[in-house]
Amino acid sequence: MRRQVVHEVPADRGHVMLTSPELFRRYEVNPILTAADWPHTVNTVTNPGAARFGGETILLVRVEDRTGLSHLCVATSTDGVLGWTVEPERRLLPDVASEAERFGIEDPRITECGDEYMIVYTGYSTAGPLVCLASTRDFESFERRGVLMPPEDKDAALFPKMFDGRWALIHRPVATQPRHRAHIWLSWSPDLKHWGDHTILIPAREGAWWDAHKVGLGPPPLLTAEGWLLLYHGVHTTPAGSIYRLGLALLDTEHPDRVLARSSEWIFGPTADYERIGDVDQVIFPCGWLLQDDGDTLQVYYGAADTSICVAGASLSDLLAWLARHSS
Ligand code: BMA
């Protein structure tokens, strides 16, 4: 059964963004979706992929049921901030009969390719997380296209175009040497089935860095006038646990294996209560971002503390200008 989500919005303020010196500005109505908005009992809703479809914003939400397993469910909104409709009949369920999705499916990244949407998501397999692909034209029916990368691998997305007849996939395998560092990799395929020419794109840094030991792609790469913009998470490990924060990188337009810039500092981290406290504390985890019609405003959709869904706004030109000044 569909459910309309009604937010209590202060009448005098609408959903204006918080003013702060941050590049990303949280909307006051955050979190925009929580488990309480679902028409049936679920544990959490988090880490949504995002797309524009039929004049609306579509979120493909990771819903963690009280079994512990996750599936993907559609929620729609006209302005992408308020007025969400949760549509549980439009969903992608895990194929629990398969090894690849036995324990659920998680964290979709949606790339629009022509009239198809390519959804790269994490399958929680009997051997750990792996990278799966499905496609859809309507977010009603979904075609499974198979496992792209074996475990342990996640945080993957396709580019929206081919490069010299090849698809490019960003993903994040976990290496056992040295010390289980997890870097962002780039791999190539002529047919979305056979993958090769694997290279490290963005290595995790070391020591005290905010993105030491573990990094992973956020939303799919976004084509800008200066190259492909990436938003990625870095995991900072402290005695109290991990902190998931975000940074930027820029790849060459024609040769996305060339990294033009990488942010020295993180630019968005958990500070609001809903980001600091939840099933997993101190997590901001975006899987989708949408450039608005003005060509500059980006709406970034992220899971907060693995518990709810939030949106923040940013100016694309501000992000690029900042990255040019803060590249290491
Ligand atoms: C990552 C993924 C995400 C999760 C994050 C923080 O490895 O599993 O789904 O949001 O950890 O717990």
# chains A, B, ... in the order shown; residues from 1 in each chain; ligands from 1
call {"tool": "residues_near_ligand", "arguments": {"ligand": "ligand 1", "cutoff": "9 Å", "atoms": "only C-alpha atoms and all ligand atoms", "output": "list in words"}}
result
Thr46, Asn47, Arg62, Glu106, Asp107, Thr122, Pro129, Lys154, Asp155, Gly216, Val235, Ser242, Ile243, Tyr244, Asp279, Val280, Asp281, Gln282, Val283, Ile284, Phe285, Pro286, Gly303, Ala304, Ala305, Asp306 and Thr307 of chain A
call {"tool": "write_last_selection", "arguments": {"atoms": "C-alpha atoms", "output": "compact mmCIF listing (two decimals), in the first residue's frame"}}
result
# COMPACT_ATOMS: atom_id res chain seq x y z
CA THR A 46 18.78 4.49 4.32
CA ASN A 47 21.44 4.91 1.57
CA ARG A 62 17.53 0.53 0.94
CA GLU A 106 21.92 -2.83 -0.44
CA ASP A 107 23.15 0.63 -1.43
CA THR A 122 25.64 -4.55 -3.28
CA PRO A 129 29.46 -8.29 -0.25
CA LYS A 154 31.00 -2.80 -3.01
CA ASP A 155 30.46 0.98 -3.49
CA GLY A 216 34.52 4.25 -1.32
CA VAL A 235 36.49 6.23 6.94
CA SER A 242 34.48 4.88 12.61
CA ILE A 243 33.48 8.27 11.20
CA TYR A 244 32.21 8.34 7.59
CA ASP A 279 22.11 1.98 14.13
CA VAL A 280 25.66 2.91 13.13
CA ASP A 281 26.77 6.21 14.68
CA GLN A 282 28.69 8.89 12.80
CA VAL A 283 27.78 8.01 9.24
CA ILE A 284 26.96 10.12 6.19
CA PHE A 285 26.56 7.76 3.22
CA PRO A 286 25.33 9.25 -0.09
CA GLY A 303 21.82 7.74 4.58
CA ALA A 304 22.29 9.18 8.06
CA ALA A 305 23.71 6.87 10.74
CA ASP A 306 22.45 3.87 8.72
CA THR A 307 18.98 4.78 9.98
call {"tool": "select_by_dssp", "arguments": {"residues": "region 111-268 of chain A", "states": "strand (DSSP E or B)", "output": "PyMOL selection string"}}
result
chain A and resi 111-113+116-125+128-136+143-149+153-158+163+166-173+182+184-189+196-202+205+212+214-217+222-224+227-238+241-251+259-263+268
call {"tool": "atom_distance", "arguments": {"atom1": "CA of Ile110 (chain A)", "atom2": "CA of Gly247 (chain A)"}}
result
19.9 Å
call {"tool": "closest_residue", "arguments": {"among": "A:Leu223, A:Ala157, A:Ala127, A:Val120", "to": "Leu186 (chain A)", "atoms": "only C-alpha atoms"}}
result
A:Ala157
call {"tool": "residues_around", "arguments": {"residues": "Glu116 (chain A)", "least_positions_apart": "6", "cutoff": "12 Å", "atoms": "only C-alpha atoms", "output": "PDB file with N, CA and C atoms, in the first residue's frame"}}
result
ATOM      1  N   ALA A  51      17.283   9.186  -8.993  1.00  0.00           N
ATOM      2  CA  ALA A  51      17.162   9.397 -10.442  1.00  0.00           C
ATOM      3  C   ALA A  51      16.026  10.374 -10.704  1.00  0.00           C
ATOM      4  N   ARG A  52      16.051  10.999 -11.888  1.00  0.00           N
ATOM      5  CA  ARG A  52      14.902  11.756 -12.367  1.00  0.00           C
ATOM      6  C   ARG A  52      14.138  10.839 -13.303  1.00  0.00           C
ATOM      7  N   PHE A  53      12.829  10.720 -13.089  1.00  0.00           N
ATOM      8  CA  PHE A  53      12.026   9.848 -13.942  1.00  0.00           C
ATOM      9  C   PHE A  53      10.610  10.411 -13.997  1.00  0.00           C
ATOM     10  N   ILE A 110      22.412   4.624  -9.168  1.00  0.00           N
ATOM     11  CA  ILE A 110      21.647   4.595 -10.420  1.00  0.00           C
ATOM     12  C   ILE A 110      22.308   5.499 -11.446  1.00  0.00           C
ATOM     13  N   ALA A 134      21.455  -4.442 -12.099  1.00  0.00           N
ATOM     14  CA  ALA A 134      20.095  -4.634 -12.624  1.00  0.00           C
ATOM     15  C   ALA A 134      19.788  -3.414 -13.476  1.00  0.00           C
ATOM     16  N   SER A 135      18.811  -3.538 -14.386  1.00  0.00           N
ATOM     17  CA  SER A 135      18.412  -2.373 -15.167  1.00  0.00           C
ATOM     18  C   SER A 135      16.896  -2.255 -15.157  1.00  0.00           C
ATOM     19  N   THR A 136      16.426  -1.029 -15.403  1.00  0.00           N
ATOM     20  CA  THR A 136      14.987  -0.795 -15.475  1.00  0.00           C
ATOM     21  C   THR A 136      14.728   0.364 -16.427  1.00  0.00           C
ATOM     22  N   ARG A 137      13.506   0.384 -16.978  1.00  0.00           N
ATOM     23  CA  ARG A 137      13.091   1.542 -17.780  1.00  0.00           C
ATOM     24  C   ARG A 137      11.982   2.309 -17.094  1.00  0.00           C
ATOM     25  N   ASP A 138      11.396   1.710 -16.053  1.00  0.00           N
ATOM     26  CA  ASP A 138      10.207   2.319 -15.445  1.00  0.00           C
ATOM     27  C   ASP A 138      10.170   2.229 -13.918  1.00  0.00           C
ATOM     28  N   PHE A 139      11.145   1.638 -13.302  1.00  0.00           N
ATOM     29  CA  PHE A 139      11.163   1.428 -11.853  1.00  0.00           C
ATOM     30  C   PHE A 139       9.940   0.633 -11.376  1.00  0.00           C
ATOM     31  N   SER A 141       9.457  -2.758 -13.210  1.00  0.00           N
ATOM     32  CA  SER A 141      10.068  -4.076 -13.382  1.00  0.00           C
ATOM     33  C   SER A 141      11.571  -3.895 -13.550  1.00  0.00           C
ATOM     34  N   PHE A 142      12.308  -4.870 -13.053  1.00  0.00           N
ATOM     35  CA  PHE A 142      13.767  -4.782 -13.027  1.00  0.00           C
ATOM     36  C   PHE A 142      14.345  -6.042 -13.648  1.00  0.00           C
ATOM     37  N   GLU A 143      15.370  -5.842 -14.478  1.00  0.00           N
ATOM     38  CA  GLU A 143      16.034  -7.007 -15.086  1.00  0.00           C
ATOM     39  C   GLU A 143      17.387  -7.205 -14.420  1.00  0.00           C
ATOM     40  N   PRO A 160      27.894   7.068 -17.192  1.00  0.00           N
ATOM     41  CA  PRO A 160      26.714   7.071 -18.077  1.00  0.00           C
ATOM     42  C   PRO A 160      27.049   6.925 -19.557  1.00  0.00           C
ATOM     43  N   LYS A 161      28.318   6.845 -19.918  1.00  0.00           N
ATOM     44  CA  LYS A 161      28.697   6.706 -21.329  1.00  0.00           C
ATOM     45  C   LYS A 161      29.825   5.693 -21.449  1.00  0.00           C
TER      46      LYS A 161
END
call {"tool": "residues_around", "arguments": {"residues": "region 75-79 of chain A", "least_positions_apart": "3", "cutoff": "8 Å", "atoms": "only C-alpha atoms", "output": "PDB file with N, CA and C atoms, in the first residue's frame"}}
result
ATOM      1  N   GLY A  55       9.459  13.279 -14.720  1.00  0.00           N
ATOM      2  CA  GLY A  55       9.297  14.602 -14.115  1.00  0.00           C
ATOM      3  C   GLY A  55       9.367  14.600 -12.603  1.00  0.00           C
ATOM      4  N   GLU A  56       9.695  13.467 -12.016  1.00  0.00           N
ATOM      5  CA  GLU A  56       9.772  13.392 -10.557  1.00  0.00           C
ATOM      6  C   GLU A  56      11.165  12.947 -10.123  1.00  0.00           C
ATOM      7  N   THR A  57      11.421  13.134  -8.838  1.00  0.00           N
ATOM      8  CA  THR A  57      12.612  12.545  -8.237  1.00  0.00           C
ATOM      9  C   THR A  57      12.237  11.180  -7.699  1.00  0.00           C
ATOM     10  N   ILE A  58      13.023  10.187  -8.097  1.00  0.00           N
ATOM     11  CA  ILE A  58      12.830   8.833  -7.580  1.00  0.00           C
ATOM     12  C   ILE A  58      13.998   8.490  -6.670  1.00  0.00           C
ATOM     13  N   LEU A  59      13.685   8.022  -5.492  1.00  0.00           N
ATOM     14  CA  LEU A  59      14.715   7.424  -4.651  1.00  0.00           C
ATOM     15  C   LEU A  59      14.482   5.916  -4.642  1.00  0.00           C
ATOM     16  N   LEU A  60      15.571   5.181  -4.796  1.00  0.00           N
ATOM     17  CA  LEU A  60      15.520   3.739  -4.629  1.00  0.00           C
ATOM     18  C   LEU A  60      16.158   3.480  -3.268  1.00  0.00           C
ATOM     19  N   VAL A  61      15.295   3.234  -2.317  1.00  0.00           N
ATOM     20  CA  VAL A  61      15.686   3.252  -0.904  1.00  0.00           C
ATOM     21  C   VAL A  61      16.110   1.860  -0.454  1.00  0.00           C
ATOM     22  N   LEU A  82      10.246  17.438  -0.342  1.00  0.00           N
ATOM     23  CA  LEU A  82       9.024  17.222   0.442  1.00  0.00           C
ATOM     24  C   LEU A  82       8.037  16.383  -0.370  1.00  0.00           C
ATOM     25  N   GLY A  83       6.934  16.020   0.267  1.00  0.00           N
ATOM     26  CA  GLY A  83       5.822  15.372  -0.439  1.00  0.00           C
ATOM     27  C   GLY A  83       6.163  14.007  -0.984  1.00  0.00           C
ATOM     28  N   TRP A  84       6.859  13.185  -0.207  1.00  0.00           N
ATOM     29  CA  TRP A  84       7.264  11.859  -0.692  1.00  0.00           C
ATOM     30  C   TRP A  84       6.100  10.888  -0.679  1.00  0.00           C
ATOM     31  N   THR A  85       6.056  10.030  -1.684  1.00  0.00           N
ATOM     32  CA  THR A  85       5.137   8.899  -1.690  1.00  0.00           C
ATOM     33  C   THR A  85       5.972   7.627  -1.672  1.00  0.00           C
ATOM     34  N   VAL A  86       5.742   6.822  -0.678  1.00  0.00           N
ATOM     35  CA  VAL A  86       6.443   5.533  -0.575  1.00  0.00           C
ATOM     36  C   VAL A  86       5.626   4.503  -1.348  1.00  0.00           C
ATOM     37  N   GLU A  87       6.293   3.775  -2.253  1.00  0.00           N
ATOM     38  CA  GLU A  87       5.572   2.859  -3.151  1.00  0.00           C
ATOM     39  C   GLU A  87       6.116   1.435  -3.036  1.00  0.00           C
TER      40      GLU A  87
END
call {"tool": "closest_residue", "arguments": {"among": "A:Pro108, A:Gly295, A:Gly80, A:Gly207", "to": "Leu222 (chain A)", "atoms": "only C-alpha atoms"}}
result
A:Gly295
call {"tool": "residues_around", "arguments": {"residues": "Leu93 (chain A)", "least_positions_apart": "6", "cutoff": "10 Å", "atoms": "only C-alpha atoms", "output": "NGL selection string"}}
result
:A and (69-73 or 101 or 104-105 or 142)
call {"tool": "write_last_selection", "arguments": {"atoms": "N, CA and C atoms", "output": "compact mmCIF listing (two decimals), in the first residue's frame"}}
result
# COMPACT_ATOMS: atom_id res chain seq x y z
N LEU A 69 17.60 -8.41 6.68
CA LEU A 69 17.89 -8.35 5.25
C LEU A 69 17.30 -7.08 4.64
N SER A 70 18.00 -6.56 3.63
CA SER A 70 17.54 -5.34 2.95
C SER A 70 17.00 -5.65 1.56
N HIS A 71 16.05 -4.79 1.12
CA HIS A 71 15.63 -4.79 -0.28
C HIS A 71 15.57 -3.33 -0.73
N LEU A 72 15.22 -3.09 -2.00
CA LEU A 72 15.20 -1.73 -2.55
C LEU A 72 13.77 -1.35 -2.89
N CYS A 73 13.37 -0.15 -2.49
CA CYS A 73 11.97 0.27 -2.63
C CYS A 73 11.92 1.71 -3.15
N GLU A 101 22.72 -13.13 -3.47
CA GLU A 101 21.83 -12.19 -2.77
C GLU A 101 21.17 -12.84 -1.56
N GLY A 104 20.38 -10.41 1.24
CA GLY A 104 19.78 -9.12 0.92
C GLY A 104 20.56 -8.33 -0.12
N ILE A 105 20.00 -7.16 -0.46
CA ILE A 105 20.64 -6.26 -1.43
C ILE A 105 20.63 -4.85 -0.85
N PHE A 142 12.31 -4.87 -13.05
CA PHE A 142 13.77 -4.78 -13.03
C PHE A 142 14.35 -6.04 -13.65
call {"tool": "residues_around", "arguments": {"residues": "Glu254 (chain A)", "least_positions_apart": "6", "cutoff": "10 Å", "atoms": "only C-alpha atoms", "output": "ChimeraX atom specification"}}
result
/A:162-164,227-228
call {"tool": "residues_around", "arguments": {"residues": "His183 (chain A)", "least_positions_apart": "2", "cutoff": "12 Å", "atoms": "only C-alpha atoms", "output": "ChimeraX atom specification"}}
result
/A:153-156,170-181,185-186,198-206,211-217,232-235
call {"tool": "closest_atom_pairs", "arguments": {"of": "region 266-307 of chain A", "to": "region 20-38 of chain A", "cutoff": "12 Å", "atoms": "only C-alpha atoms", "output": "JSON lines"}}
result
{"residue": "A:Trp266", "atom": "CA", "partner": "A:Leu23", "partner_atom": "CA", "distance": 10.6}
{"residue": "A:Ile267", "atom": "CA", "partner": "A:Leu23", "partner_atom": "CA", "distance": 6.9}
{"residue": "A:Phe268", "atom": "CA", "partner": "A:Phe24", "partner_atom": "CA", "distance": 6.5}
{"residue": "A:Gly269", "atom": "CA", "partner": "A:Phe24", "partner_atom": "CA", "distance": 9.6}
{"residue": "A:Pro270", "atom": "CA", "partner": "A:Arg26", "partner_atom": "CA", "distance": 10.9}
{"residue": "A:Thr271", "atom": "CA", "partner": "A:Arg26", "partner_atom": "CA", "distance": 10.5}
{"residue": "A:Ala272", "atom": "CA", "partner": "A:Arg26", "partner_atom": "CA", "distance": 9.0}
{"residue": "A:Asp273", "atom": "CA", "partner": "A:Pro31", "partner_atom": "CA", "distance": 10.3}
{"residue": "A:Tyr274", "atom": "CA", "partner": "A:Pro31", "partner_atom": "CA", "distance": 7.3}
{"residue": "A:Glu275", "atom": "CA", "partner": "A:Pro31", "partner_atom": "CA", "distance": 9.4}
{"residue": "A:Gly278", "atom": "CA", "partner": "A:Thr34", "partner_atom": "CA", "distance": 11.5}
{"residue": "A:Ile284", "atom": "CA", "partner": "A:Arg26", "partner_atom": "CA", "distance": 11.7}
{"residue": "A:Trp289", "atom": "CA", "partner": "A:Phe24", "partner_atom": "CA", "distance": 12.0}
{"residue": "A:Thr297", "atom": "CA", "partner": "A:Phe24", "partner_atom": "CA", "distance": 10.6}
{"residue": "A:Leu298", "atom": "CA", "partner": "A:Phe24", "partner_atom": "CA", "distance": 9.2}
{"residue": "A:Gln299", "atom": "CA", "partner": "A:Phe24", "partner_atom": "CA", "distance": 9.1}
{"residue": "A:Val300", "atom": "CA", "partner": "A:Phe24", "partner_atom": "CA", "distance": 8.5}
{"residue": "A:Tyr301", "atom": "CA", "partner": "A:Ile32", "partner_atom": "CA", "distance": 9.6}
{"residue": "A:Tyr302", "atom": "CA", "partner": "A:Pro31", "partner_atom": "CA", "distance": 9.7}
{"residue": "A:Gly303", "atom": "CA", "partner": "A:Pro31", "partner_atom": "CA", "distance": 9.1}
{"residue": "A:Ala304", "atom": "CA", "partner": "A:Pro31", "partner_atom": "CA", "distance": 8.1}
{"residue": "A:Ala305", "atom": "CA", "partner": "A:Pro31", "partner_atom": "CA", "distance": 11.0}
{"residue": "A:Asp306", "atom": "CA", "partner": "A:Thr34", "partner_atom": "CA", "distance": 10.7}
{"residue": "A:Thr307", "atom": "CA", "partner": "A:Thr34", "partner_atom": "CA", "distance": 7.3}
call {"tool": "select_by_dssp", "arguments": {"residues": "region 243-282 of chain A", "states": "alpha helix (DSSP H)", "output": "list in words"}}
result
Asp273, Tyr274, Glu275 and Arg276 of chain A
call {"tool": "closest_residue", "arguments": {"among": "A:Thr224, A:Thr238, A:Phe159, A:Gly313", "to": "Gly114 (chain A)", "atoms": "only C-alpha atoms"}}
result
A:Phe159
call {"tool": "closest_residue", "arguments": {"among": "A:Leu192, A:Ile184, A:Leu250, A:Val45", "to": "Leu133 (chain A)", "atoms": "only C-alpha atoms"}}
result
A:Leu192
call {"tool": "closest_residue", "arguments": {"among": "A:Pro256, A:Pro239, A:Pro219, A:Gly123", "to": "Leu291 (chain A)", "atoms": "only C-alpha atoms"}}
result
A:Pro219
call {"tool": "closest_residue", "arguments": {"among": "A:Ser328, A:Thr41, A:Thr253, A:Thr237", "to": "Pro88 (chain A)", "atoms": "only C-alpha atoms"}}
result
A:Thr41
